[in-house]
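Listing of data.txt; format and content: compact mmCIF, C-alpha atoms.
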# COMPACT_ATOMS: atom_id res chain seq x y z
CA MET A 1 28.39 10.30 55.20
CA ALA A 2 27.69 9.10 51.67
CA GLU A 3 24.23 9.74 50.28
CA LEU A 4 23.86 6.03 49.45
CA ASN A 5 25.64 3.22 51.29
CA ILE A 6 25.92 -0.10 49.50
CA ASN A 7 27.05 -3.27 51.24
CA GLU A 8 27.72 -6.30 49.05
CA ARG A 9 27.34 -9.92 50.13
CA GLN A 10 27.10 -13.24 48.35
CA ALA A 11 24.23 -15.72 48.89
CA GLY A 12 25.14 -18.71 46.72
CA ASP A 13 25.42 -17.38 43.19
CA VAL A 14 23.24 -14.37 43.95
CA THR A 15 24.89 -11.07 44.86
CA VAL A 16 22.87 -9.13 47.40
CA LEU A 17 23.35 -5.37 47.65
CA ASP A 18 22.06 -4.01 50.95
CA MET A 19 21.39 -0.35 50.30
CA SER A 20 20.66 2.48 52.67
CA GLY A 21 20.21 6.19 52.12
CA LYS A 22 18.89 8.07 49.12
CA ILE A 23 18.95 7.22 45.42
CA THR A 24 18.68 10.71 44.00
CA ILE A 25 20.26 12.72 41.20
CA GLY A 26 24.01 12.99 41.61
CA GLU A 27 25.86 10.90 44.15
CA GLY A 28 23.17 8.32 44.97
CA SER A 29 22.31 7.46 41.37
CA VAL A 30 25.99 7.35 40.39
CA ALA A 31 26.79 5.02 43.31
CA LEU A 32 24.13 2.55 42.16
CA ARG A 33 25.28 2.74 38.52
CA THR A 34 28.92 2.19 39.52
CA ALA A 35 28.06 -0.80 41.71
CA ILE A 36 26.00 -2.51 38.99
CA ARG A 37 28.65 -1.89 36.30
CA ARG A 38 31.34 -3.36 38.53
CA LEU A 39 29.27 -6.48 39.28
CA LEU A 40 28.62 -7.04 35.57
CA GLU A 41 32.35 -6.64 34.85
CA GLU A 42 33.02 -9.28 37.49
CA GLY A 43 30.52 -11.59 35.78
CA LYS A 44 28.00 -11.32 38.63
CA LYS A 45 24.69 -11.24 36.82
CA ARG A 46 22.22 -12.44 39.45
CA ILE A 47 21.62 -9.43 41.60
CA LEU A 48 19.17 -8.76 44.43
CA LEU A 49 18.79 -5.17 45.58
CA ASN A 50 17.73 -4.97 49.21
CA LEU A 51 16.10 -1.53 49.38
CA ALA A 52 14.89 -1.72 52.99
CA GLY A 53 17.11 1.19 54.00
CA VAL A 54 16.33 3.39 51.01
CA GLY A 55 14.03 6.06 52.39
CA TYR A 56 13.99 8.30 49.36
CA ILE A 57 14.27 8.03 45.60
CA ASP A 58 13.62 10.56 42.84
CA SER A 59 12.98 10.17 39.11
CA SER A 60 16.73 9.95 38.51
CA GLY A 61 16.96 7.08 41.01
CA ILE A 62 13.97 5.33 39.43
CA GLY A 63 15.68 5.80 36.06
CA GLU A 64 18.84 4.24 37.45
CA LEU A 65 16.88 1.19 38.66
CA VAL A 66 15.44 0.84 35.14
CA SER A 67 18.89 1.24 33.54
CA SER A 68 20.30 -1.39 35.90
CA TYR A 69 17.46 -3.75 35.05
CA THR A 70 17.93 -3.39 31.28
CA ALA A 71 21.76 -3.58 31.49
CA ILE A 72 21.62 -6.80 33.52
CA ASN A 73 18.94 -8.33 31.27
CA LYS A 74 21.08 -7.50 28.24
CA GLU A 75 23.90 -9.54 29.77
CA GLY A 76 21.55 -12.47 30.32
CA GLY A 77 21.28 -11.83 34.05
CA GLN A 78 18.48 -11.03 36.46
CA LEU A 79 17.82 -8.08 38.77
CA LYS A 80 15.24 -8.42 41.52
CA LEU A 81 14.10 -6.08 44.27
CA LEU A 82 13.66 -6.85 47.97
CA ASN A 83 12.00 -4.97 50.84
CA LEU A 84 10.56 -1.90 49.15
CA THR A 85 9.41 0.85 51.46
CA GLN A 86 5.77 1.84 51.04
CA LYS A 87 6.78 5.09 49.32
CA LEU A 88 9.02 3.35 46.81
CA GLN A 89 6.29 0.79 46.15
CA ASP A 90 3.85 3.67 45.52
CA LEU A 91 6.29 5.29 43.05
CA LEU A 92 6.78 2.01 41.18
CA THR A 93 3.01 1.55 41.09
CA ILE A 94 2.20 4.95 39.55
CA THR A 95 5.03 4.59 37.01
CA LYS A 96 3.75 1.07 36.17
CA LEU A 97 7.21 -0.31 36.94
CA LEU A 98 5.84 -2.66 39.57
CA THR A 99 4.70 -4.77 36.61
CA VAL A 100 8.28 -4.84 35.28
CA PHE A 101 10.34 -5.59 38.39
CA ASP A 102 10.26 -8.86 40.29
CA VAL A 103 9.64 -7.67 43.86
CA TYR A 104 9.90 -9.69 47.11
CA GLU A 105 9.30 -9.13 50.80
CA SER A 106 11.21 -12.20 51.94
CA GLU A 107 14.90 -12.64 51.19
CA ALA A 108 14.62 -16.46 51.22
CA GLU A 109 11.80 -16.30 48.69
CA ALA A 110 13.74 -13.84 46.55
CA LEU A 111 16.87 -16.03 46.57
CA ASN A 112 14.86 -19.13 45.70
CA SER A 113 13.30 -17.34 42.74
CA PHE A 114 16.72 -17.13 41.02
CA LYS A 115 16.92 -20.94 40.81
CA MET B 1 -0.16 31.20 60.03
CA THR B 2 -1.74 33.70 57.64
CA GLY B 3 0.92 33.76 54.98
CA GLU B 4 4.64 33.80 54.29
CA THR B 5 6.78 34.32 51.21
CA THR B 6 10.42 33.30 50.79
CA GLU B 7 12.65 33.77 47.76
CA LEU B 8 15.81 31.84 46.89
CA SER B 9 18.33 32.32 44.12
CA LEU B 10 20.62 29.34 43.61
CA PRO B 11 23.42 28.38 41.19
CA SER B 12 22.76 25.97 38.32
CA ARG B 13 24.50 22.97 39.84
CA ILE B 14 23.27 19.47 40.67
CA ASP B 15 23.85 20.04 44.39
CA THR B 16 21.35 22.91 44.19
CA VAL B 17 18.61 20.25 44.09
CA ALA B 18 19.42 19.14 47.64
CA THR B 19 19.92 22.74 48.82
CA ALA B 20 16.52 23.76 47.44
CA ALA B 21 14.83 20.67 48.89
CA ALA B 22 16.24 21.44 52.35
CA ALA B 23 15.08 25.08 52.19
CA VAL B 24 11.63 24.04 50.98
CA ALA B 25 11.36 21.37 53.72
CA GLU B 26 12.07 24.03 56.35
CA PHE B 27 9.49 26.39 54.82
CA VAL B 28 6.90 23.64 54.50
CA GLY B 29 7.57 22.56 58.08
CA ARG B 30 6.71 26.07 59.28
CA SER B 31 3.57 26.10 57.13
CA GLY B 32 2.00 23.26 59.12
CA ILE B 33 1.00 21.19 56.09
CA SER B 34 0.53 17.42 56.53
CA ASP B 35 3.48 14.99 56.27
CA ASP B 36 2.00 13.35 53.16
CA ALA B 37 1.60 16.71 51.45
CA ALA B 38 5.14 17.69 52.52
CA PHE B 39 6.50 14.50 50.93
CA GLY B 40 4.74 15.30 47.66
CA ILE B 41 6.02 18.88 47.68
CA ASP B 42 9.56 17.63 48.32
CA MET B 43 9.35 15.19 45.37
CA ALA B 44 7.92 17.85 43.06
CA VAL B 45 10.44 20.54 44.05
CA ARG B 46 13.39 18.21 43.48
CA GLU B 47 12.08 17.36 40.01
CA ALA B 48 11.34 20.99 39.12
CA VAL B 49 14.77 22.18 40.27
CA THR B 50 16.48 19.25 38.50
CA ASN B 51 14.73 20.26 35.27
CA ALA B 52 15.68 23.92 35.76
CA VAL B 53 19.36 23.06 36.36
CA LEU B 54 19.74 20.38 33.67
CA HIS B 55 17.34 21.31 30.88
CA GLY B 56 16.60 25.00 31.50
CA ASN B 57 19.99 26.42 32.45
CA ARG B 58 22.03 23.43 31.21
CA GLN B 59 24.24 23.68 34.32
CA ASP B 60 25.53 27.11 33.24
CA GLU B 61 26.64 28.56 36.57
CA ASP B 62 26.22 32.09 35.25
CA LYS B 63 22.49 31.40 35.29
CA THR B 64 20.48 31.05 38.49
CA VAL B 65 17.48 29.02 39.52
CA ASP B 66 15.07 31.32 41.32
CA ILE B 67 12.49 29.87 43.67
CA ILE B 68 9.52 31.62 45.29
CA LEU B 69 7.70 29.88 48.13
CA LYS B 70 4.33 31.14 49.31
CA SER B 71 2.09 29.74 52.00
CA SER B 72 -1.47 30.79 52.64
CA PRO B 73 -4.25 29.37 54.80
CA ASP B 74 -5.41 27.36 51.76
CA ALA B 75 -2.28 26.17 50.03
CA VAL B 76 1.47 26.15 49.53
CA GLU B 77 2.63 27.50 46.16
CA ILE B 78 6.12 27.05 44.72
CA SER B 79 7.45 28.72 41.59
CA VAL B 80 10.76 27.65 40.03
CA HIS B 81 12.23 29.94 37.39
CA ASP B 82 15.09 29.16 35.02
CA GLN B 83 16.67 31.10 32.18
CA GLY B 84 16.22 28.47 29.50
CA PRO B 85 14.28 28.69 26.24
CA GLY B 86 11.26 26.76 27.54
CA PHE B 87 9.45 23.72 26.21
CA ASN B 88 5.95 22.49 25.51
CA PRO B 89 4.85 20.33 28.46
CA GLU B 90 2.07 18.83 26.33
CA LYS B 91 4.72 17.31 24.05
CA VAL B 92 6.52 15.48 26.85
CA PRO B 93 5.95 11.74 26.29
CA ASP B 94 3.84 9.84 28.84
CA PRO B 95 6.38 7.76 30.81
CA THR B 96 3.69 5.20 31.68
CA ALA B 97 2.92 4.42 28.03
CA GLN B 98 4.02 0.89 27.20
CA GLU B 99 6.79 2.03 24.83
CA ASN B 100 8.27 4.37 27.47
CA ILE B 101 8.12 2.27 30.64
CA LEU B 102 11.72 1.05 30.32
CA LYS B 103 13.17 4.45 29.48
CA ALA B 104 15.78 5.68 31.94
CA SER B 105 14.46 9.25 32.03
CA GLY B 106 11.33 11.32 31.46
CA ARG B 107 9.47 10.82 34.76
CA GLY B 108 10.15 14.19 36.42
CA ILE B 109 7.15 16.11 35.07
CA PHE B 110 4.96 13.07 35.65
CA PHE B 111 5.97 13.10 39.34
CA MET B 112 5.35 16.84 39.61
CA ARG B 113 1.85 16.40 38.21
CA SER B 114 1.24 13.32 40.37
CA PHE B 115 2.17 14.95 43.66
CA MET B 116 0.85 18.50 43.25
CA ASP B 117 -2.73 19.73 42.79
CA GLU B 118 -1.84 22.27 40.09
CA VAL B 119 1.23 22.49 37.84
CA ASP B 120 1.61 24.99 35.01
CA TRP B 121 4.40 26.49 32.96
CA SER B 122 4.82 30.00 31.61
CA ILE B 123 7.43 31.90 29.62
CA ARG B 124 8.52 35.15 31.23
CA PRO B 125 8.61 38.28 29.04
CA GLY B 126 12.26 38.84 29.99
CA GLY B 127 13.14 35.24 29.11
CA GLY B 128 13.18 31.96 30.94
CA THR B 129 10.56 29.49 32.06
CA THR B 130 8.60 29.42 35.30
CA VAL B 131 6.88 26.34 36.63
CA ARG B 132 4.25 27.08 39.27
CA MET B 133 3.09 24.27 41.52
CA LEU B 134 0.31 24.39 44.08
CA LYS B 135 -0.50 22.00 46.91
CA ARG B 136 -3.79 22.59 48.72
CA ARG B 137 -4.03 21.97 52.44
Kindly present the structure from the file in structure tokens form.
Amino acid sequence: MAELNINERQAGDVTVLDMSGKITIGEGSVALRTAIRRLLEEGKKRILLNLAGVGYIDSSGIGELVSSYTAINKEGGQLKLLNLTQKLQDLLTITKLLTVFDVYESEAEALNSFK
Amino acid sequence: MTGETTELSLPSRIDTVATAAAAVAEFVGRSGISDDAAFGIDMAVREAVTNAVLHGNRQDEDKTVDIILKSSPDAVEISVHDQGPGFNPEKVPDPTAQENILKASGRGIFFMRSFMDEVDWSIRPGGGTTVRMLKRR
């Protein structure tokens, strides 16, 4: 089984990536990077990462979230985060990244925020 | 448990991070430390081994990452040794400083310090760097 599973779905003009597994150095981080690059190549620039199933992330994974955020912003798009686990929320808090990312607990609210 | 010591010697590959984390999780599980402390140790070990593989040994498979795990009634101590030239941890930029927040890397040592009670680095006489991390019970 892959370290990180990513399922893509479309909600209006927002692409939602439902993720489960680990975003850690190696396979998990690469899977996220590859998915974001592909979406940008396809012109999909409004992206919501549903992290409900991501039980573990390391500094490489956090770095990949930051890289995704800056790459999408550079293309004039938006990256938002949905359903952070408590541990991921704690990591984003201590790294001060919670002030950078737009984070939601409700998918409807997150989707509305893109409008 | 009064005390236990385990030593590991692993190749300088990215997949060593997961191998080391699994071995440490098993050791920590036997040590009876709390789940929260075990999570912190897991985070710190992954970061320390990542640094040893990438920055210390630069993924040279002729070089090993050596790990010593010790548990005592008071604490769990983990030492990770690489064969790299070493670095000055005081010169590592603060990843939470405004100008560094959006950098893609540079959070590993910050996590190690955040999750462990003591973290220090030393250069071995025979060469290489050892990071020693302690988590009190």
Pick out the chain B residues within 6 Å of chain A. Count all atoms listed in the file. Give them as a list of chain:residue names.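 Therefore, the residues near the partner are B:Thr96, B:Ala104, B:Ser105, B:Arg107, B:Gly108.
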Nearby residues (all atoms listed in the file) at most 7 Å from range 51-60 of chain B, same-chain spacing under 2 positions excluded, as an mmCIF file with C-alpha atoms, keeping the file's coordinate frame:
data_model
loop_
_atom_site.group_PDB
_atom_site.id
_atom_site.type_symbol
_atom_site.label_atom_id
_atom_site.label_comp_id
_atom_site.auth_asym_id
_atom_site.auth_seq_id
_atom_site.Cartn_x
_atom_site.Cartn_y
_atom_site.Cartn_z
ATOM 1 C CA SER B 12 22.760 25.970 38.320
ATOM 2 C CA ARG B 13 24.500 22.970 39.840
ATOM 3 C CA ILE B 14 23.270 19.470 40.670
ATOM 4 C CA GLU B 47 12.080 17.360 40.010
ATOM 5 C CA ALA B 48 11.340 20.990 39.120
ATOM 6 C CA VAL B 49 14.770 22.180 40.270
ATOM 7 C CA ASP B 62 26.220 32.090 35.250
ATOM 8 C CA LYS B 63 22.490 31.400 35.290
ATOM 9 C CA VAL B 65 17.480 29.020 39.520
ATOM 10 C CA ASP B 82 15.090 29.160 35.020
ATOM 11 C CA GLN B 83 16.670 31.100 32.180
ATOM 12 C CA GLY B 84 16.220 28.470 29.500
ATOM 13 C CA PRO B 85 14.280 28.690 26.240
ATOM 14 C CA GLY B 86 11.260 26.760 27.540
#
One decimal, in Å: what's the spacing between CA of Arg136 in chain B and CA of Ile101 in chain B?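 These two atoms are separated by 29.7 Å.
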Which residues are near Met112 in chain B? Cut-off 10 Å, only C-alpha atoms, ignore same chain within fewer than 6 positions. Put them as a PyMOL selection string. chain B and resi 40-48+118-119+133
Using all atoms listed in the file, can you list as a PyMOL selection string the residues within 12 Å of (32.2, -5.9, 41.7)? chain A and resi 6-10+15-17+32-45+47
Rank nothing, just name the residue among A:Asn50, A:Gln78, A:Asn73, A:Asn5 nearest to Asp18 in chain A, using all atoms listed in the file.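 Counting all atoms listed in the file, the residue closest to Asp18 in chain A is A:Asn50.
Between CA of Phe114 in chain A and CA of Met19 in chain A the separation is 19.7 Å.
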Nearest to Phe111 in chain B among A:Leu98, A:Leu92, A:Ala2, A:Ala108, with distances taken over only C-alpha atoms: which residue is it?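 Smallest separation from Phe111 in chain B among the options: A:Leu92.
Atom pair CA of Leu49 in chain A / CA of Arg113 in chain B: separated by 28.4 Å.
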Would you kindly return, as number ranges by chain, each protein, DNA or RNA residue with an atom no farther than 8 Å from any atom of Leu10 in chain B, considering only C-alpha atoms and excluding same-chain residues fewer than 5 positions away? B: 16, 20, 64-66
Fewer than 4 positions away in the same chain doesn't count, so skip those; otherwise give me all residues within 7 Å of Ala52 in chain A, counting only C-alpha atoms, as a PyMOL selection string. chain A and resi 83-85
Pick the closest to Glu77 in chain B from B:Ser114, B:Thr50, B:Thr19, B:Ser31: which is it, counting only C-alpha atoms?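 Checking each candidate against Glu77 in chain B, we get B:Ser31 as the closest.
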Do you know which residues are at most 7 Å from Val131 in chain B counting all atoms listed in the file, after dropping those on the same chain fewer than 2 positions away, and could you put them as an MDAnalysis selection string? chainID B and resid 79:81 119:122 129 133
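Restricting the calculation to only C-alpha atoms, the smallest distance between Met116 in chain B and any of B:Asp94, B:Asp36, B:Thr130, B:Leu102 is found for B:Asp36.
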